[in-house]
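Colleague: What follows is a structure written as structure tokens; I'll ask about it next.
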Amino acid sequence: MNHHAVNAGRVAASAEPVVPKVRSARSIVVCLAYAWLVAVIGMALLADFLPLASYATPVGTPRQGPQWGSLDLLMGTDNLGRSILSRVVYGARVSLVVGTVAGLIGFLIGGFLGMLAGYFGKKLDAVVRLIADAVLAFPPLILLLALSSILTPSVRTLLVGLSLLVVPTFTRLARANTLAWSAREFVLAARNMGAGHRRILVKEILPNVLPSLGAYLPIVMAALIVAEGSLSFLGLGIPPPTPSWGGMISDGKDAIADAPHLVFLPALVIFLTVFSLNQAGDHLRQRFDRTLQD
Amino acid sequence: MIRSSRLLATAAVALVLAGCGGTSSDTSRDAAGDPVSGGTATVIQITEPRSLDPAIMSNTWPFNAFLGNALYGTLMINKPETGEIEYKLAESFTTEDNGATFELRLHEGLTFSDGSPLNAEAVKFNWDRIKDPSLGSASIPEASLVSSTEVVDATTVKVTLVAPVPNYAQAVVSTSMNWIGSPAALQKGQQAFDTNPIGAGPFTVDSWTRQDRIELVRNAGYWDAPRPYLERIVLRTNTDSNQRVNTLISGGADVVIDTNWETIARARDMGYDTEVQPLNGGQYLAMNARRAPFDDVRARKAVAAALDVGAMNQSVYNGKGEVPTTLFTESSPYFVDAPLVRPDKAAAQRLFDELAAEGKKVSFTFKSFPSPESKAASESVQAQLSAFRNVEVKVQTIDHTDSSKLVATKDFEMVISSALFVDPEPRLWAVFHGDSRSNMSGIDDEQLNVALEKGRTSTNEQDRKAAYDAVQQRLTELVPGVFYTRGSPAAVLGKNVYGAVQYGNGSLLPEELWIQP
Amino acid sequence: MVLTVAGRVGRSLLVVLLVTVAVAALLSLAPGSVASVILGENATPQAIAELNARLGLDRPFFVQYVDWLGNAVQGDLGTSPLTSQPVMDAILERLPVTLQLAVMALTIALVVSILLAVVSAVRPGSVVDRGINVVSSMLLSVPAFIAGPVLIYFFAVQLGWFPVTGWSRISDGLGENLLSAMLPAIAISLIEIAAFHRVLRADLIGTLREDFVGAARAKGMSPAYVMFRHALRPSSFSLITLAGINLGRLVGGTVIVESLFSLPGLGQLLATSIISRDVITVQGVVVFIAVVYVGVNTVVDLSYRLIDPRVRKAAAA
């Protein structure tokens, strides 16, 4: 977005009638989204202090449905008779760490490299693209399997593998967008006005590349949380009994006909988290992205 | 319970024959008449072989039993309830010296599907070949009991065993020794053989697209006419138990070979004929007595007493599995009504505490295979034991390469193994004898070894019964493992499919299947 | 021009080379060998050593790699020691399945996500937009190994519209072939739809605020015309980039969906080969995937210029 467009946008926006109803509904959703994120993070941090059963030990017969009365049975029990509520709360730890850390590493490193490559072009671009393409063309299965047999399965191994996989996607995205933006008039204008590379990258290009990358980040975080579950079949998953949301879905998949809550409760938690991340992302962008400010 | 559906079907056949003798167009289970020839059946198996070489394929139902029987037929089969041998390609398999040597006689004039003769020479070639370590046959332990084979005449082979095994026929029916391929074709190498395998079975290969389908056509020259009844078989593979049965339900398959109690029960509840061959023994959690903590019998006893096998059944098979409380099923002549383990949580905790006090805390790693059932079983053990003090379980998932090496390395503390058999010979010896390479738990007990030897070499039923009584007694004292489910060799039949006959380790005979048009 | 083409080809070869070296190195670090898989549980260490020697697997990994590379350059990808099938045959046998699945899944994903994104971007924050956001968040939260069984249950088992599992070749009839590919293609496309929608929506909203869109509107062009003729094209950079990456990925096969629906695709071939340490087959499949991936993404890179003339100018300058 260039500065003229911003001005034009401002004029256009102020000319538009304000529709309060939508706004209030939206802000309620946004509030709920923040509340959910805070609650999930809070529970993950404070799980040990909550009056919950152990996530490892059965509390009753397997595959009970959600029920009132007992806190441990609020969400029912899993295949092994363990409290799903307890596992969801403790599972937030692994899932949030995997989603956030691997996602952010990919976002930061990938975005940085992609912007440099797209902006400077030439040799730097060639090298960055070479490495990014090599990693992308590398079947993820082999990478994860090799990592799992060389290193012992743990959260850290998982983070290394998954971060490696998401970095190049961000690199390519950032590069493609930087390429498009650095050809624009306002960048040329800034350059003609004597702005240095760093200034152009940070002040002119970064704000315009961020929305695309930012829009993709929650998707990657969601995909990572879910992917962690499908990795357990490779032996790279978190070793049991430590719970994770993706792993809980994976464990429940064969009971989907008889006890769908084994799959749909953790899926619902992932959904609410992803949706909240999306909402929060949109909201933050509106607050802080100067190009979108009304 | 398991055989009831087939018994019912047989009774119905008898009734229909006695009544009008005609076949009805009604396709309900009870209306089956005489077998009808023709038709194509789509069969779904659990694993695809890497080669069609009879030595490489495994004669057990989760692997390639059905395909092997289709391509190579069978020398002989056994009756699942009694272990009684019934001869097929072979005319007889007899011993005059209590199992030191055997004479295998073939029917006259047997030919392979290319017209060449299936003779004593071919049997010798196949049986000798299985022992070749560079082939990697799963039947090496059984085939190695043979010290030499000798062609007596065109239809007779003399077999000398390393030690007398009167019931050696049981080893033949439970392994790929039952399958004879054409020596000339096998000598052309794996790639040529896989494109054009030559056997004397009821079917021949029309085409094979790996991981897609194997198309089989009727062998017009099959020795046992009018079998096979089916004109064609399309054999597909799916490792996901639920989707195998779903395919059958939606009409995409006619026969499903299955091994998961829960899906078998689902198909049965939907009115499908599910044949589950009874097998003695079962799957057990092998505890490695060669190393700590299970080198101490108290640790093994504690774990056995702590585990609730019923709860494992709930977790692994949604409660639909058959839990083995005794080593033999009730229909076996060797059945003894004495439970293998007695659950006693208080006693288990006392033993765990006692061991911990001696500085021998029960802490071990359960090596789990990547299958959903194995993972569920290992996590169930972990979850159940987490309710006890002074015991710690780690679960580690290992992949295919690691698991195939376990038999050689014995590098584990707890692992799932199986002891499934119709006749206790040769499997029970292989699983629990101190000299056996396949002895996973590493139990090497003088009394147990003697009893197993006696069971192997005794020629009269009374002595055998006494020997296996002693084996069971000793197993309850030594606790090499915890049996948690019976084997489940199942064939689920589509609504108009009949004729599921199994032998050995759930080995389904394709020549008996037929479709009511 | 000739130079650029030569440069591109050289770069692509370099990528492929890097990938194969990395695969060889990684697999050499993984414990176990195909010999122990072939020989099974009755193998003696001696037999394994002999077979390893016969297959040449006892040599240092770099020697094996150079040997393999020499043959591969001449078009010989070798023969799998496990199945005795030439690797090239194995790949070609599975390619139609994988390619058809990838193309179908991507087409479904693109069509659906572009429609959804356009509807969302017309009035960001509206009830419709938020509804679509909910749906796309849901799609992201349901992994393929759950979406697959759920789709099978409703559309194959209950409604009987599609076969549950198995693959029908085009030679069996196009109709049957499409039916057998539809559910797996949908299962793969769900996550792609969500990803594409979200990225395209964000870019579209940005573009719609630009001067030239305002100018087009001011000229009285219909909103639909402005959206599809003016706004969509310059907004599709991220979308095209992602689609290119994902097409490359999908050609590598989707193991979970393929095994769930028992489809004979490259993903299953790769997975079984990795699990059984069939390095020759793994190398062959990987080199194939890498070539396809590089090819697709070269096209994507070139397409940036076609999509937005401004990039063309910049590149020329």
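All residue names refer to the structure tokens as shown: chains lettered A, B, ... in order, residues numbered from 1 in each chain, ligands numbered from 1 in order.
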As an MDAnalysis selection string, please: every residue in segment 162-240 of chain A that a backbone DSSP assignment puts in alpha helix (DSSP H).

Modeller: chainID A and resid 162:182 185:192 197:199 206:230

Colleague: Enumerate, in order of chain and increasing residue number, the residues of chain B with an atom no farther than 7 Å from chain C, each with its shortest atom pair and distance in Å to one decimal, counting only C-alpha atoms, as a tab-separated table.

Modeller:
residue	atom	partner	partner_atom	distance
B:Arg50	CA	C:Thr83	CA	5.4
B:Ser51	CA	C:Thr83	CA	6.2
B:Pro133	CA	C:Ala47	CA	6.2
B:Ser134	CA	C:Ala47	CA	6.0
B:Leu135	CA	C:Leu39	CA	6.3
B:Gly136	CA	C:Leu39	CA	3.6
B:Ser137	CA	C:Leu39	CA	7.0
B:Ala138	CA	C:Asn42	CA	6.6
B:Ile140	CA	C:Asn42	CA	6.7
B:Gln190	CA	C:Ser84	CA	6.4
B:Gln191	CA	C:Ser84	CA	5.2
B:Gln211	CA	C:Pro264	CA	5.0
B:Asp212	CA	C:Pro264	CA	5.1
B:Thr237	CA	C:Ser262	CA	6.9
B:Asn238	CA	C:Ser262	CA	5.5
B:Asp240	CA	C:Leu260	CA	6.5
B:Asn246	CA	C:Val157	CA	6.5
B:Thr247	CA	C:Val164	CA	5.1
B:Ile249	CA	C:Val157	CA	7.0
B:Ser250	CA	C:Val157	CA	5.4
B:Gly252	CA	C:Pro163	CA	6.5
B:Asp399	CA	C:Ile275	CA	6.9
B:His400	CA	C:Ile275	CA	6.2
B:Thr401	CA	C:Val37	CA	5.9
B:Ser404	CA	C:Glu41	CA	4.7
B:Lys405	CA	C:Glu41	CA	5.8
B:Val407	CA	C:Glu41	CA	5.7
B:Ala408	CA	C:Glu41	CA	6.8

Colleague: Give me, as a list in words, all polymer residues having an atom no more than 10 Å from segment 4-8 of chain C, counting only C-alpha atoms and skipping those fewer than 6 positions away in the same chain.

Modeller: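 Once the adjacent positions are removed, what remains is Leu14, Val294, Gly295 and Thr298 of chain C.
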
Colleague: Got a sec: who's within 10 Å of Phe212 of chain C, counting only C-alpha atoms, leaving out chain neighbours fewer than 3 positions off, as number ranges by chain?

Modeller: A: 5; C: 207-209, 215-218, 226, 230-231

Colleague: Keeping only C-alpha atoms, write the selected residues as a JSON list (two decimals), in the first residue's frame.

Modeller:
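out36.json was written with the following content:
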[["chain", "number", "residue", "atom", "x", "y", "z"],
["A", 5, "ALA", "CA", -3.57, 4.84, -1.38],
["C", 207, "THR", "CA", -5.70, -4.42, -3.44],
["C", 208, "LEU", "CA", -9.30, -3.25, -3.26],
["C", 209, "ARG", "CA", -8.14, -0.18, -1.34],
["C", 215, "ALA", "CA", -10.51, 4.70, -10.35],
["C", 216, "ALA", "CA", -12.11, 1.70, -12.01],
["C", 217, "ARG", "CA", -15.08, 1.96, -9.72],
["C", 218, "ALA", "CA", -15.33, 5.66, -10.39],
["C", 226, "VAL", "CA", -13.60, -4.66, -10.98],
["C", 230, "HIS", "CA", -8.76, -5.53, -11.87],
["C", 231, "ALA", "CA", -8.28, -6.77, -8.34]]

Colleague: Select residues of chain B: the criterion is any atom within 6 Å of an atom of chain A, counting only C-alpha atoms; output as number ranges by chain.

Modeller: B: 315, 370, 380, 383, 386-387, 397

Colleague: Could you pull out all residues of segment 362-484 of chain B with a DSSP call of strand (DSSP E) and give them as number ranges by chain?

Modeller: B: 362-368, 391-397, 414-421, 481-484

Colleague: Once you have the residues from the selection above, write them out as a PDB file, in the first residue's frame, restricted to C-alpha atoms.

Modeller:
ATOM      1  CA  VAL B 362      10.424 -51.835  38.427  1.00  0.00           C
ATOM      2  CA  SER B 363      11.153 -49.348  35.696  1.00  0.00           C
ATOM      3  CA  PHE B 364      11.014 -50.424  32.071  1.00  0.00           C
ATOM      4  CA  THR B 365      10.461 -49.405  28.449  1.00  0.00           C
ATOM      5  CA  PHE B 366       7.648 -50.906  26.416  1.00  0.00           C
ATOM      6  CA  LYS B 367       8.706 -51.103  22.767  1.00  0.00           C
ATOM      7  CA  SER B 368       5.568 -50.619  20.742  1.00  0.00           C
ATOM      8  CA  VAL B 391       6.727 -48.688  38.987  1.00  0.00           C
ATOM      9  CA  GLU B 392       7.545 -46.659  35.915  1.00  0.00           C
ATOM     10  CA  VAL B 393       6.750 -47.364  32.255  1.00  0.00           C
ATOM     11  CA  LYS B 394       8.105 -45.596  29.205  1.00  0.00           C
ATOM     12  CA  VAL B 395       6.600 -46.281  25.796  1.00  0.00           C
ATOM     13  CA  GLN B 396       8.813 -46.153  22.726  1.00  0.00           C
ATOM     14  CA  THR B 397       7.458 -46.662  19.228  1.00  0.00           C
ATOM     15  CA  MET B 414       8.595 -55.442  27.248  1.00  0.00           C
ATOM     16  CA  VAL B 415       7.249 -56.089  23.777  1.00  0.00           C
ATOM     17  CA  ILE B 416       4.127 -57.601  22.225  1.00  0.00           C
ATOM     18  CA  SER B 417       4.640 -61.093  20.890  1.00  0.00           C
ATOM     19  CA  SER B 418       2.324 -63.883  19.905  1.00  0.00           C
ATOM     20  CA  ALA B 419       1.928 -67.551  20.660  1.00  0.00           C
ATOM     21  CA  LEU B 420      -0.886 -68.672  18.369  1.00  0.00           C
ATOM     22  CA  PHE B 421      -1.435 -72.297  17.498  1.00  0.00           C
ATOM     23  CA  GLY B 481       4.385 -62.763  29.794  1.00  0.00           C
ATOM     24  CA  VAL B 482       0.817 -61.616  30.154  1.00  0.00           C
ATOM     25  CA  PHE B 483      -1.656 -62.925  27.575  1.00  0.00           C
ATOM     26  CA  TYR B 484      -4.137 -60.169  26.759  1.00  0.00           C
TER      27      TYR B 484
END

Colleague: Show which residues sit within 10 Å of Gly110 of chain A, as a list in words. Count only C-alpha atoms, and ignore same-chain residues fewer than 6 positions away.

Modeller: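 Listed by chain and then number, they are Leu104, Val128, Ala132, Ser163, Leu164, Val166, Val167, Pro168, Thr169, Phe170, Thr171, Arg172, Leu173, Ala174, Arg175 and Leu213 of chain A.
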
Colleague: For those residues, write N, CA and C atoms to a file as an mmCIF file, in the first residue's frame.

Modeller:
data_model
loop_
_atom_site.group_PDB
_atom_site.id
_atom_site.type_symbol
_atom_site.label_atom_id
_atom_site.label_comp_id
_atom_site.auth_asym_id
_atom_site.auth_seq_id
_atom_site.Cartn_x
_atom_site.Cartn_y
_atom_site.Cartn_z
ATOM 1 N N LEU A 104 6.494 -19.297 14.700
ATOM 2 C CA LEU A 104 7.195 -18.009 14.769
ATOM 3 C C LEU A 104 8.615 -18.102 14.215
ATOM 4 N N VAL A 128 19.535 -17.937 -1.455
ATOM 5 C CA VAL A 128 18.370 -18.174 -0.594
ATOM 6 C C VAL A 128 17.354 -19.060 -1.300
ATOM 7 N N ALA A 132 16.042 -22.676 -0.090
ATOM 8 C CA ALA A 132 14.611 -22.818 0.174
ATOM 9 C C ALA A 132 14.008 -23.886 -0.737
ATOM 10 N N SER A 163 10.063 -26.686 12.332
ATOM 11 C CA SER A 163 10.523 -25.342 11.951
ATOM 12 C C SER A 163 11.221 -25.392 10.600
ATOM 13 N N LEU A 164 12.075 -26.401 10.443
ATOM 14 C CA LEU A 164 12.781 -26.556 9.169
ATOM 15 C C LEU A 164 11.797 -26.621 8.012
ATOM 16 N N VAL A 166 8.721 -25.302 7.817
ATOM 17 C CA VAL A 166 7.897 -24.124 7.517
ATOM 18 C C VAL A 166 8.716 -22.905 7.114
ATOM 19 N N VAL A 167 10.006 -22.894 7.433
ATOM 20 C CA VAL A 167 10.821 -21.725 7.075
ATOM 21 C C VAL A 167 10.748 -21.397 5.564
ATOM 22 N N PRO A 168 11.014 -22.379 4.699
ATOM 23 C CA PRO A 168 11.084 -22.031 3.274
ATOM 24 C C PRO A 168 9.766 -21.539 2.677
ATOM 25 N N THR A 169 8.637 -21.989 3.206
ATOM 26 C CA THR A 169 7.363 -21.487 2.685
ATOM 27 C C THR A 169 7.258 -19.989 2.947
ATOM 28 N N PHE A 170 7.618 -19.593 4.184
ATOM 29 C CA PHE A 170 7.601 -18.166 4.497
ATOM 30 C C PHE A 170 8.613 -17.416 3.635
ATOM 31 N N THR A 171 9.756 -18.049 3.399
ATOM 32 C CA THR A 171 10.766 -17.396 2.570
ATOM 33 C C THR A 171 10.206 -17.100 1.181
ATOM 34 N N ARG A 172 9.593 -18.074 0.610
ATOM 35 C CA ARG A 172 9.059 -17.889 -0.743
ATOM 36 C C ARG A 172 7.959 -16.839 -0.761
ATOM 37 N N LEU A 173 7.078 -16.905 0.253
ATOM 38 C CA LEU A 173 5.990 -15.934 0.319
ATOM 39 C C LEU A 173 6.548 -14.522 0.441
ATOM 40 N N ALA A 174 7.482 -14.338 1.368
ATOM 41 C CA ALA A 174 8.041 -13.013 1.605
ATOM 42 C C ALA A 174 8.781 -12.522 0.364
ATOM 43 N N ARG A 175 9.485 -13.433 -0.284
ATOM 44 C CA ARG A 175 10.234 -13.035 -1.465
ATOM 45 C C ARG A 175 9.282 -12.588 -2.588
ATOM 46 N N LEU A 213 2.130 -12.346 5.131
ATOM 47 C CA LEU A 213 2.762 -13.340 5.997
ATOM 48 C C LEU A 213 1.919 -13.551 7.252
#

Colleague: Could you check the closest approach to chain C for each of A:Phe275, A:Phe264, A:Tyr90, A:Trp36 and tell me which residue wins, using only C-alpha atoms?

Modeller: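 Going through A:Phe275, A:Phe264, A:Tyr90, A:Trp36 one by one, the smallest distance to chain C is for A:Phe275.
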